[in-house]
Each structure stands twice: as structure tokens, then as C-alpha cells.
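Pasting work.txt here (compact mmCIF, C-alpha atoms):
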```txt
# COMPACT_ATOMS: atom_id res chain seq x y z
CA MET A 1 -216.31 3.90 74.79
CA SER A 2 -212.69 4.71 74.04
CA GLN A 3 -210.20 3.96 76.79
CA ALA A 4 -208.52 6.88 78.61
CA ALA A 5 -204.96 7.51 77.52
CA THR A 6 -202.14 7.04 80.01
CA GLN A 7 -199.71 9.38 78.28
CA TYR A 8 -200.74 12.76 76.93
CA SER A 9 -199.44 16.31 76.99
CA LEU A 10 -200.85 19.22 78.96
CA ALA A 11 -201.70 20.88 75.65
CA GLU A 12 -203.79 17.84 74.67
CA LEU A 13 -205.53 17.81 78.05
CA MET A 14 -206.41 21.49 77.61
CA ILE A 15 -207.68 20.88 74.06
CA VAL A 16 -210.04 18.18 75.28
CA ALA A 17 -211.19 20.31 78.24
CA GLY A 18 -211.74 23.25 75.89
CA ALA A 19 -213.87 21.16 73.55
CA GLU A 20 -216.30 20.60 76.43
CA ALA A 21 -217.19 24.29 76.34
CA LEU A 22 -218.94 23.59 73.02
CA ARG A 23 -220.62 20.29 73.83
CA HIS A 24 -224.20 21.54 74.14
CA ASP A 25 -224.06 24.54 71.80
CA GLY A 26 -225.79 22.99 68.80
CA GLU A 27 -225.59 24.91 65.52
CA VAL A 28 -223.49 27.96 66.35
CA LEU A 29 -220.34 29.38 64.81
CA ALA A 30 -217.37 28.06 66.83
CA THR A 31 -214.30 30.29 66.79
CA GLY A 32 -211.10 29.24 68.53
CA ILE A 33 -208.49 32.02 68.65
CA GLY A 34 -205.05 30.38 68.68
CA VAL A 35 -203.80 26.88 67.99
CA LEU A 36 -205.12 25.10 71.08
CA PRO A 37 -208.58 26.78 71.12
CA ARG A 38 -208.92 26.10 67.38
CA LEU A 39 -208.11 22.43 67.95
CA ALA A 40 -210.61 22.34 70.82
CA ALA A 41 -213.38 23.66 68.57
CA SER A 42 -212.39 21.28 65.77
CA LEU A 43 -212.40 18.31 68.15
CA ALA A 44 -215.88 19.22 69.39
CA MET A 45 -217.15 19.40 65.80
CA LYS A 46 -215.55 16.06 64.90
CA THR A 47 -216.99 14.23 67.92
CA PHE A 48 -219.93 15.20 70.11
CA ASN A 49 -221.27 18.31 68.35
CA PRO A 50 -221.29 17.81 64.57
CA ASP A 51 -223.82 20.66 64.23
CA LEU A 52 -221.13 23.24 64.98
CA MET A 53 -220.26 25.68 62.21
CA MET A 54 -216.65 26.55 61.43
CA THR A 55 -215.07 28.74 58.78
CA ASP A 56 -211.79 28.56 56.90
CA SER A 57 -210.99 32.00 58.42
CA GLU A 58 -211.52 33.56 54.99
CA ALA A 59 -214.86 33.17 53.27
CA PHE A 60 -216.35 29.67 53.58
CA ILE A 61 -218.28 27.58 56.08
CA LEU A 62 -216.83 24.08 56.31
CA SER A 63 -218.56 20.75 56.76
CA GLU A 64 -215.35 19.46 58.39
CA PRO A 65 -212.68 21.53 60.16
CA ASN A 66 -209.42 22.17 58.36
CA PRO A 67 -206.30 20.57 59.84
CA ILE A 68 -203.62 23.01 60.99
CA SER A 69 -201.00 23.13 58.25
CA GLY A 70 -199.10 26.38 58.77
CA ARG A 71 -199.95 27.33 55.17
CA SER A 72 -202.62 29.62 53.77
CA SER A 73 -203.72 27.21 51.05
CA HIS A 74 -207.06 25.51 51.70
CA GLU A 75 -207.03 23.24 48.67
CA GLY A 76 -209.32 20.28 49.14
CA GLN A 77 -211.20 21.73 52.11
CA LYS A 78 -214.83 20.65 52.50
CA GLN A 79 -216.66 23.88 51.70
CA GLU A 80 -220.33 23.96 52.57
CA SER A 81 -221.36 27.55 51.83
CA TRP A 82 -220.03 31.08 51.43
CA MET A 83 -219.68 33.19 54.57
CA GLY A 84 -218.06 36.56 53.95
CA PHE A 85 -217.61 39.32 56.50
CA SER A 86 -221.16 40.65 56.24
CA ARG A 87 -222.60 37.25 57.10
CA ILE A 88 -220.07 36.83 59.92
CA PHE A 89 -221.30 40.04 61.54
CA ASP A 90 -224.93 39.05 61.07
CA ASN A 91 -224.07 35.80 62.83
CA VAL A 92 -222.24 37.57 65.68
CA TRP A 93 -225.05 40.03 66.34
CA SER A 94 -227.65 37.26 66.29
CA GLY A 95 -225.88 35.54 69.20
CA LYS A 96 -225.23 32.32 67.25
CA ARG A 97 -221.52 32.22 67.97
CA HIS A 98 -219.20 30.93 70.71
CA ALA A 99 -215.62 32.19 70.76
CA ILE A 100 -212.76 30.72 72.79
CA VAL A 101 -210.37 33.62 73.37
CA GLY A 102 -207.09 34.22 75.22
CA PRO A 103 -207.18 37.45 77.28
CA SER A 104 -204.04 38.97 78.79
CA GLN A 105 -205.93 39.93 81.96
CA ILE A 106 -209.13 38.65 83.60
CA ASP A 107 -210.65 40.20 86.71
CA ARG A 108 -213.12 39.03 89.35
CA TYR A 109 -216.04 40.19 87.19
CA GLY A 110 -214.97 38.21 84.12
CA GLN A 111 -213.97 41.44 82.37
CA THR A 112 -210.93 41.03 80.14
CA ASN A 113 -208.05 43.04 78.69
CA ILE A 114 -206.15 42.63 75.42
CA SER A 115 -205.42 46.31 74.92
CA ALA A 116 -202.67 47.69 77.18
CA LEU A 117 -200.89 47.00 80.48
CA GLY A 118 -199.75 49.32 83.26
CA GLY A 119 -199.28 53.06 83.36
CA SER A 120 -202.19 55.26 82.33
CA TYR A 121 -204.68 54.80 79.52
CA ASP A 122 -202.89 57.51 77.53
CA LYS A 123 -199.39 56.21 78.31
CA PRO A 124 -199.47 52.49 79.08
CA LYS A 125 -196.30 50.57 79.88
CA SER A 126 -197.15 47.97 77.24
CA GLN A 127 -199.38 48.53 74.23
CA MET A 128 -201.04 45.39 72.86
CA LEU A 129 -203.83 44.79 70.34
CA GLY A 130 -206.41 47.38 71.28
CA VAL A 131 -209.89 46.24 72.22
CA ARG A 132 -210.48 44.71 68.76
CA GLY A 133 -213.83 42.89 68.66
CA PHE A 134 -214.08 42.19 72.39
CA PRO A 135 -216.77 44.80 73.27
CA GLY A 136 -219.22 43.72 70.56
CA ASN A 137 -218.46 40.03 70.87
CA SER A 138 -218.88 39.95 74.64
CA ILE A 139 -222.31 41.60 74.57
CA SER A 140 -223.54 39.56 71.60
CA HIS A 141 -222.62 35.91 72.16
CA ALA A 142 -221.01 33.30 74.40
CA ASN A 143 -217.30 33.45 75.16
CA SER A 144 -214.91 31.09 76.91
CA PHE A 145 -211.37 31.89 78.03
CA PHE A 146 -208.17 29.97 77.37
CA VAL A 147 -205.18 30.77 79.63
CA PRO A 148 -201.87 28.97 78.94
CA ALA A 149 -200.12 30.32 82.08
CA HIS A 150 -202.39 30.65 85.12
CA SER A 151 -200.98 33.41 87.36
CA LYS A 152 -201.89 36.57 89.25
CA ARG A 153 -200.60 38.54 86.26
CA VAL A 154 -203.56 37.16 84.29
CA PHE A 155 -206.14 36.78 87.08
CA VAL A 156 -205.58 40.25 88.49
CA GLU A 157 -206.44 41.54 91.95
CA GLY A 158 -208.31 44.69 90.88
CA GLU A 159 -210.08 45.57 87.68
CA CYS A 160 -208.31 44.97 84.37
CA ASP A 161 -205.97 47.81 83.35
CA VAL A 162 -208.22 48.34 80.33
CA VAL A 163 -211.70 46.82 80.37
CA CYS A 164 -212.23 45.44 76.86
CA SER A 165 -215.24 43.18 77.39
CA ILE A 166 -218.41 43.05 79.41
CA GLY A 167 -218.49 41.03 82.61
CA TYR A 168 -220.53 40.55 85.78
CA ASN A 169 -219.85 44.08 87.01
CA PRO A 170 -223.12 45.94 87.69
CA GLN A 171 -221.30 49.29 87.55
CA ARG A 172 -220.31 48.78 83.90
CA LEU A 173 -223.42 47.17 82.42
CA PRO A 174 -224.62 48.87 79.22
CA LYS A 175 -228.07 50.40 79.32
CA GLY A 176 -230.72 47.72 79.01
CA TYR A 177 -228.46 44.84 80.09
CA ALA A 178 -228.79 42.67 83.20
CA LEU A 179 -226.19 40.38 84.76
CA ASP A 180 -228.09 37.35 83.53
CA ASP A 181 -227.61 38.57 79.94
CA ILE A 182 -223.85 38.05 80.20
CA ASP A 183 -222.68 34.71 78.80
CA ILE A 184 -219.18 33.73 79.90
CA ARG A 185 -218.75 29.96 79.82
CA LEU A 186 -215.63 27.93 80.70
CA VAL A 187 -212.16 29.10 81.69
CA ILE A 188 -209.50 26.55 80.73
CA THR A 189 -206.00 27.12 82.13
CA ASP A 190 -202.81 25.09 82.52
CA LEU A 191 -203.89 24.36 86.12
CA CYS A 192 -207.64 23.82 86.07
CA VAL A 193 -211.09 24.31 84.55
CA MET A 194 -213.43 26.97 85.98
CA ASP A 195 -216.72 28.71 85.18
CA TRP A 196 -218.68 31.78 86.36
CA LYS A 197 -221.56 29.95 88.03
CA GLY A 198 -220.39 30.42 91.61
CA PRO A 199 -222.42 32.46 94.12
CA ARG A 200 -223.17 35.97 92.75
CA HIS A 201 -221.47 35.06 89.46
CA MET A 202 -218.17 34.30 91.18
CA LEU A 203 -215.51 32.40 89.30
CA GLN A 204 -215.63 28.83 90.60
CA LEU A 205 -213.36 25.84 90.35
CA LEU A 206 -214.74 22.86 88.39
CA SER A 207 -211.70 20.58 88.20
CA VAL A 208 -207.95 20.58 88.74
CA HIS A 209 -205.59 18.98 86.25
CA PRO A 210 -203.77 15.77 87.28
CA GLY A 211 -200.98 16.58 89.75
CA VAL A 212 -202.32 20.07 90.53
CA SER A 213 -203.78 20.98 93.94
CA VAL A 214 -206.60 23.35 94.79
CA GLU A 215 -204.07 25.38 96.79
CA GLN A 216 -201.94 25.94 93.67
CA VAL A 217 -204.94 27.38 91.87
CA LEU A 218 -205.78 29.71 94.76
CA GLU A 219 -202.17 30.85 95.14
CA ASN A 220 -202.02 31.82 91.47
CA THR A 221 -205.33 33.71 91.34
CA GLY A 222 -205.43 37.39 92.38
CA PHE A 223 -208.99 37.31 93.71
CA GLU A 224 -211.30 35.02 95.65
CA ILE A 225 -212.83 32.13 93.75
CA HIS A 226 -215.52 29.73 94.85
CA VAL A 227 -214.31 26.22 95.69
CA PRO A 228 -217.07 23.57 95.89
CA SER A 229 -216.85 20.82 98.50
CA ASN A 230 -215.87 18.31 95.83
CA VAL A 231 -213.36 19.27 93.14
CA PRO A 232 -212.64 16.38 90.73
CA VAL A 233 -209.58 15.85 88.57
CA THR A 234 -209.93 16.97 84.96
CA THR A 235 -210.88 14.03 82.76
CA ALA A 236 -207.98 12.60 80.77
CA PRO A 237 -208.19 12.47 76.96
CA THR A 238 -209.30 9.21 75.40
CA MET A 239 -207.26 7.36 72.81
CA GLU A 240 -209.92 8.24 70.24
CA GLN A 241 -209.71 11.95 71.07
CA LEU A 242 -205.90 11.95 70.84
CA ALA A 243 -206.06 10.24 67.46
CA ILE A 244 -208.47 12.89 66.15
CA VAL A 245 -206.30 15.72 67.51
CA ALA A 246 -203.28 14.17 65.76
CA GLN A 247 -205.22 14.14 62.47
CA LEU A 248 -206.21 17.78 62.97
CA ASP A 249 -202.63 18.78 63.82
CA PRO A 250 -200.37 16.50 61.76
CA GLN A 251 -197.31 18.74 62.21
CA ASN A 252 -197.75 18.77 66.01
CA TRP A 253 -198.06 22.54 66.39
CA ARG A 254 -199.75 21.85 69.73
CA ALA A 255 -196.41 20.76 71.20
CA LYS A 256 -195.02 24.28 70.70
CA GLN A 257 -197.80 26.19 72.47
CA LEU A 258 -196.83 25.65 76.13
CA LYS A 259 -193.33 26.17 77.51
CA ASP A 260 -191.36 22.87 77.42
CA ASN A 261 -194.50 20.97 76.34
CA PRO A 262 -195.22 19.50 79.81
CA PRO A 263 -197.05 16.21 80.37
CA GLY A 264 -200.75 16.28 81.14
CA ASN A 265 -200.30 14.36 84.39
CA ARG A 266 -197.84 16.25 86.60
CA GLY A 267 -198.32 14.06 89.65
```
Could I get this file's structure written as C-alpha cells?
Amino acid sequence: MSQAATQYSLAELMIVAGAEALRHDGEVLATGIGVLPRLAASLAMKTFNPDLMMTDSEAFILSEPNPISGRSSHEGQKQESWMGFSRIFDNVWSGKRHAIVGPSQIDRYGQTNISALGGSYDKPKSQMLGVRGFPGNSISHANSFFVPAHSKRVFVEGECDVVCSIGYNPQRLPKGYALDDIDIRLVITDLCVMDWKGPRHMLQLLSVHPGVSVEQVLENTGFEIHVPSNVPVTTAPTMEQLAIVAQLDPQNWRAKQLKDNPPGNRG
């Protein structure tokens, strides 16, 4: 077993924690939206879940994930089969996909917002992406959340300003759906790792990152979360994992994703 690293960045810690969301998925399409979630999915495929499927974001399934290059050229990539948009949607609707996404707001029900902030629906203070694929994705397959700045602005007190995805809210369930049909997995933030397996589908704390206290997590969350009697420290990356991440990100784009690129151990 590879020895745990003593020096690593917070971004690298979050990548390794995010990879865990995909450990037991088997052969599903892994989609990481953003640099760190993409590296998390790629790390999972390169290590403990080689059955994962990944695309080149254009038209091909890959037998090995592409490194992040900052260029659109995919020369030399290990193409396994064609997977155009029609096959992507067939895959989504079949449930054989797990996406790691970065919502702007998350509420107590696990509902998310990437559409607009503040004001009214007709005249928001800030217009963002629109709902995009969140409604269909959230009712069709597993999703995990990646939050680079854990705060009450993200984990909001009330409902999201615009509800873009399904969550554990019985008042908003589509016809024919039950709470147990909703599949929200891990929540990886810059403070901790959480999931939605608390009492009555509450968000619950699984681990805090090195140097972070439970109180810090609670103070930065706008609603009650479940805190088990024992909350461990998030497992540090191994030397092997860091080496693989470096191969997947040779230009070190991961260092630019969190403000000031903080260390993973803030104790």
C-alpha cells in the first residue's frame, strides 16, 4: 500500500476525496464538471474503478482518461468506441451515469441552483447558466456535488432561489417518484466531506479536512446538518495517488482552482 503523503494541496485532497464518490459505481459514465471533478473521475478510473467509462467530451469513449492539456486537440488519445450525443442521452436516461457537478446553491433538501440568484424569477439580481441539464440529470442518475468555497451563500438557509434539480423535498417530487428514488451521493467541499444519508435524508458530516473543526462546518452551513458521534479526518492522498494526479494534470491546472492554492493540512 502506498504511503500517505505529508505535503499536498487542498485541491489534491479534494480530488482524492471526490474520486471516492465513484469507487463502487462499476461500469457507468463518469462526468466531472470542472478541473477538480474531472481529475477526481480520472483518478478513480486509473486506480480502484477501471470499469468506469469516460468520454473525450466530444464523440469518443476512452479506455484511459485524457490528461488536462488546455488544448482541444486529442491526438493520441486511447479511443475505445464512438459515443455521440444520441448515445450520451440514451446513457443518461438509462441511469448508467454519475456526474460530479458544482452548484451555486444547495438547500437542505439537496436541491440545487445554477440558474439565477436573488430578486424575482423574472428579474433576478444575477443571471447565470439557466437550469441546463440539471432537471433531467437529477431524476435519471446519480449526482455528487463539488463546492470549492463552503459558505452559507452556497448552503442556503431556505430553498434555492431557483430549484434546478430534484432533491429530498416531498413537496416537489415529480409524479411517480419517491424519496428513495433520488440518488445524491457525496458532497465534497473545501472544509469537509458529507452525504445525504442522515436521518430523514438530512445532509450529514462524514469527515472534516485536516485542520478544520466540526464547528467551522456548522458555522458555514445555512441549515442543520447531522453530525455523527465520531467524525474522522479526511484521508490524506497517498504518494501513488499524487503521482497519478500529476500525470493527469502535467501543467498543474489544479493549483489555480482554489484561491491562493492552500495546503491540504491547515492545522
ask   = Which residues, protein or nucleic acid, reach to within 6 Å of (-205.9, 25.4, 87.9) in the file's coordinates when using all atoms listed in the file, and can you give that as a VMD selection string?
value = chain A and resid 191 to 192 208 217
Of the listed residues A:Asp190, A:Glu64, A:Glu224, A:Asp249, that which approaches Asn265 (chain A) most closely, counting all atoms listed in the file =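 The answer is A:Asp190, which sits nearest to Asn265 (chain A).
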query = Pick the closest to Asp195 (chain A) from A:Gly95, A:Pro50, A:Pro65, A:Gly110: which is it, counting all atoms listed in the file?
reply =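 Smallest separation from Asp195 (chain A) among the options: A:Gly110.
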query = Out of A:Cys164, A:Glu240, A:Val214, A:Glu58, which residue has the shortest atom-to-atom distance to Ser81 (chain A) when counting all atoms listed in the file?
reply =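 That would be A:Glu58, the residue with the smallest distance to Ser81 (chain A).
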ask   = Which one of A:Val28, A:Ala99, A:Ile61, A:Leu242 sits closest to Leu186 (chain A) if you count all atoms listed in the file?
value =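 When distances to Leu186 (chain A) are compared using all atoms listed in the file, the smallest one comes from A:Ala99.
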key: Nearby residues (all atoms listed in the file) at most 8 Å from Ile139 (chain A), same-chain spacing under 2 positions excluded, as a PyMOL selection string   = chain A and resi 135-137+141+165-166+182
query = Which residue, A:Asn220, A:Thr189, A:Gln7, A:Ser138, has the smallest gap to Leu258 (chain A) when you use all atoms listed in the file?
reply =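 Under the stated criterion, the closest residue is A:Thr189.
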Atomic distance CA of Lys78 (chain A) - CA of His24 (chain A), expressed in Å with one decimal =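 Atom-to-atom, CA of Lys78 (chain A) to CA of His24 (chain A), that is 23.6 Å.
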request  = Rank A:Tyr109, A:Val156, A:Ile68, A:Phe223 by their smallest atom-to-atom distance to Arg200 (chain A), using all atoms listed in the file, and report the top residue only.
outcome  =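 Closest to Arg200 (chain A), using all atoms listed in the file: A:Tyr109.
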Polymer residues at most 6 Å from Leu29 (chain A), all atoms listed in the file, same-chain spacing of 5 or more positions, as a PDB file with C-alpha atoms, in the coordinates of the input:
```
ATOM      1  CA  MET A  53    -220.260  25.680  62.210  1.00  0.00           C
ATOM      2  CA  MET A  54    -216.650  26.550  61.430  1.00  0.00           C
ATOM      3  CA  ARG A  97    -221.520  32.220  67.970  1.00  0.00           C
TER       4      ARG A  97
END
```
